[in-house]
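Report on the following structure.
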Amino acid sequence: MSKVYFISNRADSKERNLTKYHRLLRKLNLARMIVKGDLVAVKTSFGERGNLTYLRPQYVRVVIDEIKRVGGRPFLTDANTLYAGGRQNSRDHLITALENGFGYEVTGAPIIIADGLTGRDYRSIPVKGQHFQEVKIASAVLDADVLISLAHFKGHMVCGFGGTIKNLGMGLGARPGKQMMHSDVHPEVNAAECDGCARCRKWCPENAIEMVQVPRKGRKAAYIDPECCIGCGECVATCYTGAIAIRWESDPAIVQQKTAEYMAGVLAEKKGKFAAIDYVLSVTPDCDCLGWSDNAIVPDIGIVASRDPVAADAASLDLVNAATGITPSMLPEAARTGADKFGSIHRGIDPRAQLVHAEKLGLGRRAYDLVSLDKPESGKA
Ligand code: SF4
Ligand code: SF4
């Protein structure tokens, strides 16, 4: 059984949120994990532009200060997205991060986008998965000595929920990996939205894109030859008109399993050099990759921390399910007490599939011992 430490979100003048948070961090004993001079990757999501419920940078600052205190050299990191938005390349990603409050003056750490300017800086790592024998992971995280995951715990439209497993697996997969996790089918061009700029053709590493005449339109549009396409997703990221659509066709359980296999690649060389923190706060029905934030589905619960990524997510999920739902929110009436909250919002998705598969891969245990660090005398556990 893995130890999971917990602080609730209750606070007052005698027991402030960040005082409790310091106590939680000390339990992770970063001094034993970090050797003086270690480069420490702190993986979080900076949130999409317009989203308002991503992790507060003030929480990040406390972790960064603790890493520095024990001699580490921290940097904040994430990898570029597959889909169009404010985090599709490092230039846009950094601007979004700064606009969302993750500047050095707030967090105390520089930001390094882990897969480089255009998402091409990654390496293949062997894994023994059901779906993958190798995974493509953003280089900066592989090169770091230590990895700490800071995950905002919330719902997700494909994985059911997003916590540590998604933060690492989906978050640190390079763009070809993200494409392979999301879909078994290759992208297609919507000729009606293509303006014929041919930028995608220039970027395609397989010469799989041709410019072809659009019938009765007197102009050309891109066409992807399915025989040559390897599904790397580069063209999706380079198309500014959104004409190249990702075909989200995988079974949600399979996406979750693939995400866990990507986490296996991320953690392959981080034995004893990893910690996970899940922030079970502002638990929205959907992911921070959306440019909006709906009402939370349960009250703010607290923060969990563990050396075991599976146990951290399992505990966070149980805490959400044990809570009473909020009205108004996306949560149906029937899901109010002890029910499967995310499963009732994202119908047909079993959010535990990622936990089951990650445990099968030996990445951690679903059974955990939840250790509350709230002071009993405060009566606020
Ligand atoms: S980048 Fe987009 S708009 Fe330009 S040719 Fe390719 S599909 Fe068409
Ligand atoms: S997915 Fe990759 S290989 Fe396929 S057309 Fe797009 S850029 Fe080329």
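Labels for the structure tokens follow display order: chains A, B, ..., residues from 1 in each chain, ligands from 1.
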task = Could you tell me, counting only C-alpha atoms and all ligand atoms, which protein and nucleic acid residues lie no more than 6 Å from ligand 1, written as a list in words?
result = Val189, Cys194, Asp195, Gly196, Cys197, Ala198, Arg199, Cys200, Ala221, Ala222, Thr238, Cys239, Thr241, Ala243 and Ile244 of chain A
Would you put the residues from that selection into a file with N, CA and C atoms, as an mmCIF file, in the first residue's frame?
data_model
loop_
_atom_site.group_PDB
_atom_site.id
_atom_site.type_symbol
_atom_site.label_atom_id
_atom_site.label_comp_id
_atom_site.auth_asym_id
_atom_site.auth_seq_id
_atom_site.Cartn_x
_atom_site.Cartn_y
_atom_site.Cartn_z
ATOM 1 N N VAL A 189 -7.480 16.238 -44.538
ATOM 2 C CA VAL A 189 -7.651 17.670 -44.832
ATOM 3 C C VAL A 189 -9.101 17.939 -45.228
ATOM 4 N N CYS A 194 -9.173 24.684 -46.419
ATOM 5 C CA CYS A 194 -7.757 24.811 -46.812
ATOM 6 C C CYS A 194 -7.596 25.983 -47.773
ATOM 7 N N ASP A 195 -6.635 26.894 -47.460
ATOM 8 C CA ASP A 195 -6.428 28.038 -48.365
ATOM 9 C C ASP A 195 -5.268 27.802 -49.325
ATOM 10 N N GLY A 196 -4.728 26.583 -49.318
ATOM 11 C CA GLY A 196 -3.698 26.222 -50.297
ATOM 12 C C GLY A 196 -2.326 26.792 -50.010
ATOM 13 N N CYS A 197 -2.033 27.173 -48.766
ATOM 14 C CA CYS A 197 -0.755 27.825 -48.448
ATOM 15 C C CYS A 197 0.443 26.879 -48.565
ATOM 16 N N ALA A 198 0.196 25.585 -48.473
ATOM 17 C CA ALA A 198 1.226 24.536 -48.607
ATOM 18 C C ALA A 198 2.228 24.490 -47.454
ATOM 19 N N ARG A 199 1.936 25.181 -46.366
ATOM 20 C CA ARG A 199 2.853 25.141 -45.216
ATOM 21 C C ARG A 199 2.978 23.696 -44.683
ATOM 22 N N CYS A 200 1.874 22.993 -44.634
ATOM 23 C CA CYS A 200 1.892 21.619 -44.113
ATOM 24 C C CYS A 200 2.780 20.723 -44.972
ATOM 25 N N ALA A 221 -5.811 22.483 -52.955
ATOM 26 C CA ALA A 221 -5.876 22.231 -51.512
ATOM 27 C C ALA A 221 -4.948 21.056 -51.200
ATOM 28 N N ALA A 222 -4.567 20.948 -49.952
ATOM 29 C CA ALA A 222 -3.678 19.857 -49.550
ATOM 30 C C ALA A 222 -4.438 18.525 -49.523
ATOM 31 N N THR A 238 0.866 22.675 -37.833
ATOM 32 C CA THR A 238 1.334 23.780 -38.684
ATOM 33 C C THR A 238 0.188 24.475 -39.412
ATOM 34 N N CYS A 239 -0.969 23.852 -39.483
ATOM 35 C CA CYS A 239 -2.084 24.438 -40.234
ATOM 36 C C CYS A 239 -2.822 25.478 -39.391
ATOM 37 N N THR A 241 -5.344 27.358 -40.424
ATOM 38 C CA THR A 241 -6.772 27.507 -40.739
ATOM 39 C C THR A 241 -7.604 26.419 -40.060
ATOM 40 N N ALA A 243 -7.668 23.383 -41.078
ATOM 41 C CA ALA A 243 -8.197 22.506 -42.132
ATOM 42 C C ALA A 243 -7.811 21.045 -41.921
ATOM 43 N N ILE A 244 -6.754 20.820 -41.149
ATOM 44 C CA ILE A 244 -6.345 19.430 -40.917
ATOM 45 C C ILE A 244 -6.868 19.008 -39.556
#
Using DSSP on the backbone, list every residue of stretch 97-310 of chain A that comes out as strand (DSSP E or B), and give them as a PDB file with N, CA and C atoms, in the first residue's frame.
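Done, and the output landed in selection.pdb:
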ATOM      1  N   ILE A 111      10.913  28.956 -17.461  1.00  0.00           N
ATOM      2  CA  ILE A 111      10.084  27.964 -18.172  1.00  0.00           C
ATOM      3  C   ILE A 111      10.888  27.436 -19.351  1.00  0.00           C
ATOM      4  N   ILE A 112      10.932  26.115 -19.479  1.00  0.00           N
ATOM      5  CA  ILE A 112      11.551  25.490 -20.651  1.00  0.00           C
ATOM      6  C   ILE A 112      10.502  24.571 -21.267  1.00  0.00           C
ATOM      7  N   ILE A 113      10.088  24.873 -22.491  1.00  0.00           N
ATOM      8  CA  ILE A 113       9.112  23.999 -23.150  1.00  0.00           C
ATOM      9  C   ILE A 113       9.871  22.744 -23.589  1.00  0.00           C
ATOM     10  N   TYR A 122      12.395  15.506 -29.211  1.00  0.00           N
ATOM     11  CA  TYR A 122      11.943  14.380 -28.387  1.00  0.00           C
ATOM     12  C   TYR A 122      12.811  13.156 -28.671  1.00  0.00           C
ATOM     13  N   ARG A 123      12.714  12.152 -27.789  1.00  0.00           N
ATOM     14  CA  ARG A 123      13.459  10.917 -27.999  1.00  0.00           C
ATOM     15  C   ARG A 123      12.524   9.717 -27.807  1.00  0.00           C
ATOM     16  N   SER A 124      12.867   8.622 -28.460  1.00  0.00           N
ATOM     17  CA  SER A 124      12.070   7.399 -28.316  1.00  0.00           C
ATOM     18  C   SER A 124      12.601   6.591 -27.144  1.00  0.00           C
ATOM     19  N   ILE A 125      11.695   6.158 -26.289  1.00  0.00           N
ATOM     20  CA  ILE A 125      12.055   5.400 -25.093  1.00  0.00           C
ATOM     21  C   ILE A 125      11.348   4.047 -25.154  1.00  0.00           C
ATOM     22  N   PRO A 126      12.074   2.947 -24.966  1.00  0.00           N
ATOM     23  CA  PRO A 126      11.406   1.634 -25.008  1.00  0.00           C
ATOM     24  C   PRO A 126      10.499   1.417 -23.795  1.00  0.00           C
ATOM     25  N   GLU A 134       7.578   1.425 -27.883  1.00  0.00           N
ATOM     26  CA  GLU A 134       8.393   2.609 -27.617  1.00  0.00           C
ATOM     27  C   GLU A 134       7.484   3.832 -27.641  1.00  0.00           C
ATOM     28  N   VAL A 135       7.877   4.834 -26.872  1.00  0.00           N
ATOM     29  CA  VAL A 135       7.076   6.057 -26.797  1.00  0.00           C
ATOM     30  C   VAL A 135       7.993   7.250 -27.040  1.00  0.00           C
ATOM     31  N   LYS A 136       7.406   8.343 -27.513  1.00  0.00           N
ATOM     32  CA  LYS A 136       8.191   9.525 -27.892  1.00  0.00           C
ATOM     33  C   LYS A 136       7.983  10.617 -26.842  1.00  0.00           C
ATOM     34  N   ILE A 137       9.044  10.859 -26.094  1.00  0.00           N
ATOM     35  CA  ILE A 137       8.943  11.737 -24.922  1.00  0.00           C
ATOM     36  C   ILE A 137       9.783  13.002 -25.115  1.00  0.00           C
ATOM     37  N   ALA A 138       9.226  14.139 -24.682  1.00  0.00           N
ATOM     38  CA  ALA A 138       9.900  15.429 -24.798  1.00  0.00           C
ATOM     39  C   ALA A 138      11.259  15.396 -24.094  1.00  0.00           C
ATOM     40  N   VAL A 146      15.577  15.037 -11.953  1.00  0.00           N
ATOM     41  CA  VAL A 146      14.426  14.769 -11.072  1.00  0.00           C
ATOM     42  C   VAL A 146      13.179  15.322 -11.747  1.00  0.00           C
ATOM     43  N   LEU A 147      12.039  14.677 -11.493  1.00  0.00           N
ATOM     44  CA  LEU A 147      10.770  15.147 -12.062  1.00  0.00           C
ATOM     45  C   LEU A 147       9.723  15.257 -10.954  1.00  0.00           C
ATOM     46  N   ILE A 148       9.096  16.416 -10.897  1.00  0.00           N
ATOM     47  CA  ILE A 148       7.986  16.605  -9.952  1.00  0.00           C
ATOM     48  C   ILE A 148       6.761  17.027 -10.746  1.00  0.00           C
ATOM     49  N   SER A 149       5.680  16.283 -10.560  1.00  0.00           N
ATOM     50  CA  SER A 149       4.438  16.557 -11.282  1.00  0.00           C
ATOM     51  C   SER A 149       3.503  17.371 -10.405  1.00  0.00           C
ATOM     52  N   LEU A 150       3.043  18.510 -10.917  1.00  0.00           N
ATOM     53  CA  LEU A 150       2.030  19.314 -10.240  1.00  0.00           C
ATOM     54  C   LEU A 150       0.791  19.290 -11.126  1.00  0.00           C
ATOM     55  N   ALA A 151      -0.210  18.525 -10.726  1.00  0.00           N
ATOM     56  CA  ALA A 151      -1.376  18.331 -11.599  1.00  0.00           C
ATOM     57  C   ALA A 151      -2.635  18.917 -10.977  1.00  0.00           C
ATOM     58  N   HIS A 152      -3.318  19.749 -11.757  1.00  0.00           N
ATOM     59  CA  HIS A 152      -4.657  20.187 -11.349  1.00  0.00           C
ATOM     60  C   HIS A 152      -5.595  19.010 -11.611  1.00  0.00           C
ATOM     61  N   LYS A 154      -9.004  17.351 -12.261  1.00  0.00           N
ATOM     62  CA  LYS A 154     -10.309  17.800 -12.806  1.00  0.00           C
ATOM     63  C   LYS A 154     -10.796  16.758 -13.807  1.00  0.00           C
ATOM     64  N   GLY A 155     -11.979  17.024 -14.390  1.00  0.00           N
ATOM     65  CA  GLY A 155     -12.515  16.091 -15.373  1.00  0.00           C
ATOM     66  C   GLY A 155     -11.792  16.193 -16.706  1.00  0.00           C
ATOM     67  N   HIS A 156     -12.022  15.193 -17.542  1.00  0.00           N
ATOM     68  CA  HIS A 156     -11.434  15.214 -18.881  1.00  0.00           C
ATOM     69  C   HIS A 156     -12.360  14.463 -19.834  1.00  0.00           C
ATOM     70  N   GLY A 160     -11.807  10.809 -18.697  1.00  0.00           N
ATOM     71  CA  GLY A 160     -12.690  10.828 -17.519  1.00  0.00           C
ATOM     72  C   GLY A 160     -12.213  11.849 -16.502  1.00  0.00           C
ATOM     73  N   PHE A 161     -10.973  11.662 -16.043  1.00  0.00           N
ATOM     74  CA  PHE A 161     -10.347  12.687 -15.203  1.00  0.00           C
ATOM     75  C   PHE A 161      -8.911  12.893 -15.655  1.00  0.00           C
ATOM     76  N   GLY A 162      -8.369  14.044 -15.302  1.00  0.00           N
ATOM     77  CA  GLY A 162      -6.962  14.316 -15.572  1.00  0.00           C
ATOM     78  C   GLY A 162      -6.260  14.609 -14.263  1.00  0.00           C
ATOM     79  N   GLY A 173       4.164  13.576 -23.771  1.00  0.00           N
ATOM     80  CA  GLY A 173       4.323  12.911 -25.064  1.00  0.00           C
ATOM     81  C   GLY A 173       4.583  13.982 -26.116  1.00  0.00           C
ATOM     82  N   GLU A 188      -6.843  14.049 -41.738  1.00  0.00           N
ATOM     83  CA  GLU A 188      -7.379  14.300 -43.082  1.00  0.00           C
ATOM     84  C   GLU A 188      -7.528  15.796 -43.274  1.00  0.00           C
ATOM     85  N   VAL A 189      -7.480  16.238 -44.538  1.00  0.00           N
ATOM     86  CA  VAL A 189      -7.651  17.670 -44.832  1.00  0.00           C
ATOM     87  C   VAL A 189      -9.101  17.939 -45.228  1.00  0.00           C
ATOM     88  N   ILE A 209       2.148  14.788 -48.258  1.00  0.00           N
ATOM     89  CA  ILE A 209       1.119  15.772 -48.618  1.00  0.00           C
ATOM     90  C   ILE A 209       1.364  16.308 -50.033  1.00  0.00           C
ATOM     91  N   GLU A 210       0.308  16.278 -50.814  1.00  0.00           N
ATOM     92  CA  GLU A 210       0.352  16.855 -52.166  1.00  0.00           C
ATOM     93  C   GLU A 210      -0.660  17.981 -52.233  1.00  0.00           C
ATOM     94  N   MET A 211      -0.399  18.933 -53.142  1.00  0.00           N
ATOM     95  CA  MET A 211      -1.401  19.970 -53.390  1.00  0.00           C
ATOM     96  C   MET A 211      -2.177  19.530 -54.635  1.00  0.00           C
ATOM     97  N   VAL A 212      -3.468  19.369 -54.481  1.00  0.00           N
ATOM     98  CA  VAL A 212      -4.284  18.861 -55.599  1.00  0.00           C
ATOM     99  C   VAL A 212      -5.404  19.857 -55.928  1.00  0.00           C
ATOM    100  N   GLN A 213      -5.850  19.789 -57.158  1.00  0.00           N
ATOM    101  CA  GLN A 213      -6.926  20.679 -57.620  1.00  0.00           C
ATOM    102  C   GLN A 213      -8.231  20.338 -56.900  1.00  0.00           C
ATOM    103  N   VAL A 214      -8.933  21.350 -56.414  1.00  0.00           N
ATOM    104  CA  VAL A 214     -10.249  21.109 -55.805  1.00  0.00           C
ATOM    105  C   VAL A 214     -11.283  21.134 -56.926  1.00  0.00           C
ATOM    106  N   ARG A 219      -8.953  26.093 -57.579  1.00  0.00           N
ATOM    107  CA  ARG A 219      -7.844  26.335 -56.648  1.00  0.00           C
ATOM    108  C   ARG A 219      -7.347  24.991 -56.122  1.00  0.00           C
ATOM    109  N   LYS A 220      -6.188  25.060 -55.451  1.00  0.00           N
ATOM    110  CA  LYS A 220      -5.609  23.815 -54.936  1.00  0.00           C
ATOM    111  C   LYS A 220      -5.804  23.711 -53.425  1.00  0.00           C
ATOM    112  N   ALA A 221      -5.811  22.483 -52.955  1.00  0.00           N
ATOM    113  CA  ALA A 221      -5.876  22.231 -51.512  1.00  0.00           C
ATOM    114  C   ALA A 221      -4.948  21.056 -51.200  1.00  0.00           C
ATOM    115  N   ALA A 222      -4.567  20.948 -49.952  1.00  0.00           N
ATOM    116  CA  ALA A 222      -3.678  19.857 -49.550  1.00  0.00           C
ATOM    117  C   ALA A 222      -4.438  18.525 -49.523  1.00  0.00           C
ATOM    118  N   TYR A 223      -3.705  17.454 -49.827  1.00  0.00           N
ATOM    119  CA  TYR A 223      -4.274  16.098 -49.740  1.00  0.00           C
ATOM    120  C   TYR A 223      -3.228  15.208 -49.066  1.00  0.00           C
ATOM    121  N   ILE A 224      -3.654  14.425 -48.065  1.00  0.00           N
ATOM    122  CA  ILE A 224      -2.727  13.533 -47.362  1.00  0.00           C
ATOM    123  C   ILE A 224      -2.850  12.126 -47.936  1.00  0.00           C
ATOM    124  N   ILE A 244      -6.754  20.820 -41.149  1.00  0.00           N
ATOM    125  CA  ILE A 244      -6.345  19.430 -40.917  1.00  0.00           C
ATOM    126  C   ILE A 244      -6.868  19.008 -39.556  1.00  0.00           C
ATOM    127  N   ALA A 245      -7.825  18.128 -39.604  1.00  0.00           N
ATOM    128  CA  ALA A 245      -8.499  17.733 -38.368  1.00  0.00           C
ATOM    129  C   ALA A 245      -7.874  16.475 -37.796  1.00  0.00           C
ATOM    130  N   PHE A 274      11.213  11.008  -8.322  1.00  0.00           N
ATOM    131  CA  PHE A 274       9.911  11.475  -8.795  1.00  0.00           C
ATOM    132  C   PHE A 274       8.954  11.689  -7.628  1.00  0.00           C
ATOM    133  N   ALA A 275       8.133  12.726  -7.759  1.00  0.00           N
ATOM    134  CA  ALA A 275       7.049  12.941  -6.793  1.00  0.00           C
ATOM    135  C   ALA A 275       5.847  13.533  -7.515  1.00  0.00           C
ATOM    136  N   ALA A 276       4.656  13.206  -6.986  1.00  0.00           N
ATOM    137  CA  ALA A 276       3.412  13.678  -7.608  1.00  0.00           C
ATOM    138  C   ALA A 276       2.596  14.476  -6.609  1.00  0.00           C
ATOM    139  N   ILE A 277       2.064  15.602  -7.070  1.00  0.00           N
ATOM    140  CA  ILE A 277       1.134  16.378  -6.247  1.00  0.00           C
ATOM    141  C   ILE A 277      -0.118  16.626  -7.080  1.00  0.00           C
ATOM    142  N   ASP A 278      -1.274  16.247  -6.545  1.00  0.00           N
ATOM    143  CA  ASP A 278      -2.564  16.509  -7.202  1.00  0.00           C
ATOM    144  C   ASP A 278      -3.287  17.596  -6.408  1.00  0.00           C
ATOM    145  N   TYR A 279      -3.725  18.620  -7.106  1.00  0.00           N
ATOM    146  CA  TYR A 279      -4.462  19.723  -6.478  1.00  0.00           C
ATOM    147  C   TYR A 279      -5.942  19.482  -6.748  1.00  0.00           C
ATOM    148  N   VAL A 280      -6.652  19.006  -5.733  1.00  0.00           N
ATOM    149  CA  VAL A 280      -8.067  18.677  -5.907  1.00  0.00           C
ATOM    150  C   VAL A 280      -8.871  19.930  -5.538  1.00  0.00           C
ATOM    151  N   GLY A 302      -8.751  19.714  -1.394  1.00  0.00           N
ATOM    152  CA  GLY A 302      -7.426  19.818  -0.785  1.00  0.00           C
ATOM    153  C   GLY A 302      -6.345  19.381  -1.749  1.00  0.00           C
ATOM    154  N   ILE A 303      -5.208  18.998  -1.203  1.00  0.00           N
ATOM    155  CA  ILE A 303      -4.040  18.636  -2.013  1.00  0.00           C
ATOM    156  C   ILE A 303      -3.510  17.292  -1.539  1.00  0.00           C
ATOM    157  N   VAL A 304      -3.179  16.402  -2.487  1.00  0.00           N
ATOM    158  CA  VAL A 304      -2.571  15.122  -2.118  1.00  0.00           C
ATOM    159  C   VAL A 304      -1.161  15.059  -2.703  1.00  0.00           C
ATOM    160  N   ALA A 305      -0.282  14.350  -2.029  1.00  0.00           N
ATOM    161  CA  ALA A 305       1.103  14.222  -2.490  1.00  0.00           C
ATOM    162  C   ALA A 305       1.592  12.815  -2.215  1.00  0.00           C
ATOM    163  N   SER A 306       2.338  12.268  -3.162  1.00  0.00           N
ATOM    164  CA  SER A 306       2.835  10.902  -3.000  1.00  0.00           C
ATOM    165  C   SER A 306       4.038  10.682  -3.909  1.00  0.00           C
TER     166      SER A 306
END
task = Let me have all residues with an atom within 8 Å of ligand 2, counting only C-alpha atoms and all ligand atoms, laid out as an MDAnalysis selection string.
result = chainID A and resid 176 186:187 200:201 203:209 224:226 228:236
Please dump the current selection as a PDB file, in the first residue's frame; keep N, CA and C atoms.
ATOM      1  N   PRO A 176       3.967  13.602 -32.132  1.00  0.00           N
ATOM      2  CA  PRO A 176       3.582  12.319 -32.754  1.00  0.00           C
ATOM      3  C   PRO A 176       2.990  11.357 -31.729  1.00  0.00           C
ATOM      4  N   HIS A 186      -5.075   8.362 -39.268  1.00  0.00           N
ATOM      5  CA  HIS A 186      -4.272   9.507 -39.670  1.00  0.00           C
ATOM      6  C   HIS A 186      -5.140  10.730 -39.914  1.00  0.00           C
ATOM      7  N   PRO A 187      -4.532  11.927 -39.848  1.00  0.00           N
ATOM      8  CA  PRO A 187      -5.334  13.131 -40.100  1.00  0.00           C
ATOM      9  C   PRO A 187      -5.824  13.217 -41.542  1.00  0.00           C
ATOM     10  N   CYS A 200       1.874  22.993 -44.634  1.00  0.00           N
ATOM     11  CA  CYS A 200       1.892  21.619 -44.113  1.00  0.00           C
ATOM     12  C   CYS A 200       2.780  20.723 -44.972  1.00  0.00           C
ATOM     13  N   ARG A 201       2.784  20.978 -46.267  1.00  0.00           N
ATOM     14  CA  ARG A 201       3.581  20.154 -47.185  1.00  0.00           C
ATOM     15  C   ARG A 201       5.066  20.296 -46.875  1.00  0.00           C
ATOM     16  N   TRP A 203       6.353  20.972 -44.000  1.00  0.00           N
ATOM     17  CA  TRP A 203       6.689  20.399 -42.696  1.00  0.00           C
ATOM     18  C   TRP A 203       6.603  18.882 -42.654  1.00  0.00           C
ATOM     19  N   CYS A 204       5.834  18.292 -43.547  1.00  0.00           N
ATOM     20  CA  CYS A 204       5.613  16.839 -43.460  1.00  0.00           C
ATOM     21  C   CYS A 204       6.927  16.076 -43.628  1.00  0.00           C
ATOM     22  N   PRO A 205       7.331  15.266 -42.657  1.00  0.00           N
ATOM     23  CA  PRO A 205       8.619  14.570 -42.755  1.00  0.00           C
ATOM     24  C   PRO A 205       8.596  13.405 -43.744  1.00  0.00           C
ATOM     25  N   GLU A 206       7.416  13.012 -44.202  1.00  0.00           N
ATOM     26  CA  GLU A 206       7.298  11.833 -45.065  1.00  0.00           C
ATOM     27  C   GLU A 206       6.900  12.170 -46.496  1.00  0.00           C
ATOM     28  N   ASN A 207       6.856  13.451 -46.832  1.00  0.00           N
ATOM     29  CA  ASN A 207       6.364  13.864 -48.157  1.00  0.00           C
ATOM     30  C   ASN A 207       5.013  13.226 -48.480  1.00  0.00           C
ATOM     31  N   ALA A 208       4.158  13.192 -47.461  1.00  0.00           N
ATOM     32  CA  ALA A 208       2.863  12.536 -47.636  1.00  0.00           C
ATOM     33  C   ALA A 208       1.782  13.496 -48.129  1.00  0.00           C
ATOM     34  N   ILE A 209       2.148  14.788 -48.258  1.00  0.00           N
ATOM     35  CA  ILE A 209       1.119  15.772 -48.618  1.00  0.00           C
ATOM     36  C   ILE A 209       1.364  16.308 -50.033  1.00  0.00           C
ATOM     37  N   ILE A 224      -3.654  14.425 -48.065  1.00  0.00           N
ATOM     38  CA  ILE A 224      -2.727  13.533 -47.362  1.00  0.00           C
ATOM     39  C   ILE A 224      -2.850  12.126 -47.936  1.00  0.00           C
ATOM     40  N   ASP A 225      -1.728  11.604 -48.409  1.00  0.00           N
ATOM     41  CA  ASP A 225      -1.711  10.240 -48.953  1.00  0.00           C
ATOM     42  C   ASP A 225      -1.641   9.256 -47.774  1.00  0.00           C
ATOM     43  N   PRO A 226      -2.710   8.509 -47.521  1.00  0.00           N
ATOM     44  CA  PRO A 226      -2.713   7.626 -46.351  1.00  0.00           C
ATOM     45  C   PRO A 226      -1.647   6.537 -46.404  1.00  0.00           C
ATOM     46  N   CYS A 228       1.448   6.970 -47.303  1.00  0.00           N
ATOM     47  CA  CYS A 228       2.754   7.527 -46.892  1.00  0.00           C
ATOM     48  C   CYS A 228       2.720   8.113 -45.476  1.00  0.00           C
ATOM     49  N   CYS A 229       1.536   8.506 -45.010  1.00  0.00           N
ATOM     50  CA  CYS A 229       1.419   9.208 -43.724  1.00  0.00           C
ATOM     51  C   CYS A 229       1.751   8.267 -42.561  1.00  0.00           C
ATOM     52  N   ILE A 230       2.567   8.752 -41.642  1.00  0.00           N
ATOM     53  CA  ILE A 230       2.915   7.947 -40.465  1.00  0.00           C
ATOM     54  C   ILE A 230       2.160   8.420 -39.210  1.00  0.00           C
ATOM     55  N   GLY A 231       1.276   9.411 -39.383  1.00  0.00           N
ATOM     56  CA  GLY A 231       0.449   9.875 -38.256  1.00  0.00           C
ATOM     57  C   GLY A 231       1.213  10.672 -37.224  1.00  0.00           C
ATOM     58  N   CYS A 232       2.257  11.390 -37.660  1.00  0.00           N
ATOM     59  CA  CYS A 232       3.084  12.105 -36.681  1.00  0.00           C
ATOM     60  C   CYS A 232       2.409  13.360 -36.138  1.00  0.00           C
ATOM     61  N   GLY A 233       1.425  13.907 -36.861  1.00  0.00           N
ATOM     62  CA  GLY A 233       0.682  15.066 -36.365  1.00  0.00           C
ATOM     63  C   GLY A 233       1.342  16.408 -36.644  1.00  0.00           C
ATOM     64  N   GLU A 234       2.497  16.424 -37.303  1.00  0.00           N
ATOM     65  CA  GLU A 234       3.172  17.707 -37.578  1.00  0.00           C
ATOM     66  C   GLU A 234       2.273  18.645 -38.378  1.00  0.00           C
ATOM     67  N   CYS A 235       1.571  18.093 -39.354  1.00  0.00           N
ATOM     68  CA  CYS A 235       0.745  18.941 -40.224  1.00  0.00           C
ATOM     69  C   CYS A 235      -0.402  19.572 -39.443  1.00  0.00           C
ATOM     70  N   VAL A 236      -0.938  18.862 -38.464  1.00  0.00           N
ATOM     71  CA  VAL A 236      -2.043  19.399 -37.662  1.00  0.00           C
ATOM     72  C   VAL A 236      -1.583  20.676 -36.972  1.00  0.00           C
TER      73      VAL A 236
END
Counting only C-alpha atoms, what are the residues of stretch 127-217 of chain A within 12 Å of stretch 83-101 of chain A, and for each of them which pair of atoms is the nearest and at what distance in Å, to one decimal? Sort the table by chain and rising number, as a tab-separated table.
residue	atom	partner	partner_atom	distance
A:Gly171	CA	A:Arg87	CA	11.7
A:Ala174	CA	A:Gln88	CA	11.4
A:Arg175	CA	A:Tyr83	CA	9.3
A:Pro176	CA	A:Tyr83	CA	11.7
A:Lys178	CA	A:Tyr83	CA	9.6
A:Gln179	CA	A:Tyr83	CA	9.5
A:His182	CA	A:Tyr83	CA	11.1
A:Pro187	CA	A:Tyr83	CA	11.7
Which residues are close to A:Glu105, i.e. within 12 Å by only C-alpha atoms, leaving aside same-chain residues fewer than 2 positions away? Reply as a short mmCIF file (atom, residue, chain, number, x, y, z; two decimals) with N, CA and C atoms, in the first residue's frame.
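As a result, selection-v7.cif now contains:
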data_model
loop_
_atom_site.label_atom_id
_atom_site.label_comp_id
_atom_site.auth_asym_id
_atom_site.auth_seq_id
_atom_site.Cartn_x
_atom_site.Cartn_y
_atom_site.Cartn_z
N PRO A 57 -0.29 29.79 -9.77
CA PRO A 57 1.17 29.85 -9.74
C PRO A 57 1.74 30.00 -8.33
N GLN A 58 0.95 30.53 -7.40
CA GLN A 58 1.46 30.69 -6.03
C GLN A 58 1.78 29.34 -5.39
N VAL A 60 2.87 26.82 -7.11
CA VAL A 60 4.11 26.41 -7.79
C VAL A 60 5.31 27.03 -7.07
N ARG A 61 5.18 28.30 -6.67
CA ARG A 61 6.28 29.02 -6.04
C ARG A 61 6.79 28.28 -4.79
N ILE A 64 8.89 25.38 -5.86
CA ILE A 64 10.17 25.85 -6.42
C ILE A 64 11.12 26.27 -5.29
N LEU A 98 3.04 33.14 -19.54
CA LEU A 98 3.27 34.44 -18.89
C LEU A 98 1.96 35.18 -18.67
N GLY A 101 0.20 34.04 -15.68
CA GLY A 101 0.78 34.33 -14.37
C GLY A 101 1.98 33.50 -13.96
N PHE A 102 2.60 32.77 -14.91
CA PHE A 102 3.72 31.90 -14.55
C PHE A 102 5.08 32.54 -14.82
N GLY A 103 5.16 33.86 -14.69
CA GLY A 103 6.43 34.55 -14.87
C GLY A 103 7.41 34.23 -13.74
N THR A 107 6.78 32.66 -9.89
CA THR A 107 7.10 31.25 -9.58
C THR A 107 8.54 31.06 -9.11
N GLY A 108 9.45 31.96 -9.51
CA GLY A 108 10.86 31.81 -9.14
C GLY A 108 11.62 30.82 -10.00
N ALA A 109 11.01 30.37 -11.10
CA ALA A 109 11.69 29.39 -11.97
C ALA A 109 11.52 29.79 -13.43
N PRO A 110 12.54 29.50 -14.25
CA PRO A 110 12.37 29.73 -15.69
C PRO A 110 11.46 28.65 -16.29
N ILE A 111 10.91 28.96 -17.46
CA ILE A 111 10.08 27.96 -18.17
C ILE A 111 10.89 27.44 -19.35
#
ask   = What is the distance, in Å and to one decimal place, between atom CA of A:Ala41 and atom CA of A:Asp369?
value =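 Going from atom CA of A:Ala41 over to atom CA of A:Asp369 covers 26.8 Å.
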key: Surrounding residues of stretch 342-347 of chain A excluding itself and chain neighbours under 2 positions, 8 Å, only C-alpha atoms, as a ChimeraX atom specification   = /A:155-158,160-161,285,330-332,335,340,349-351
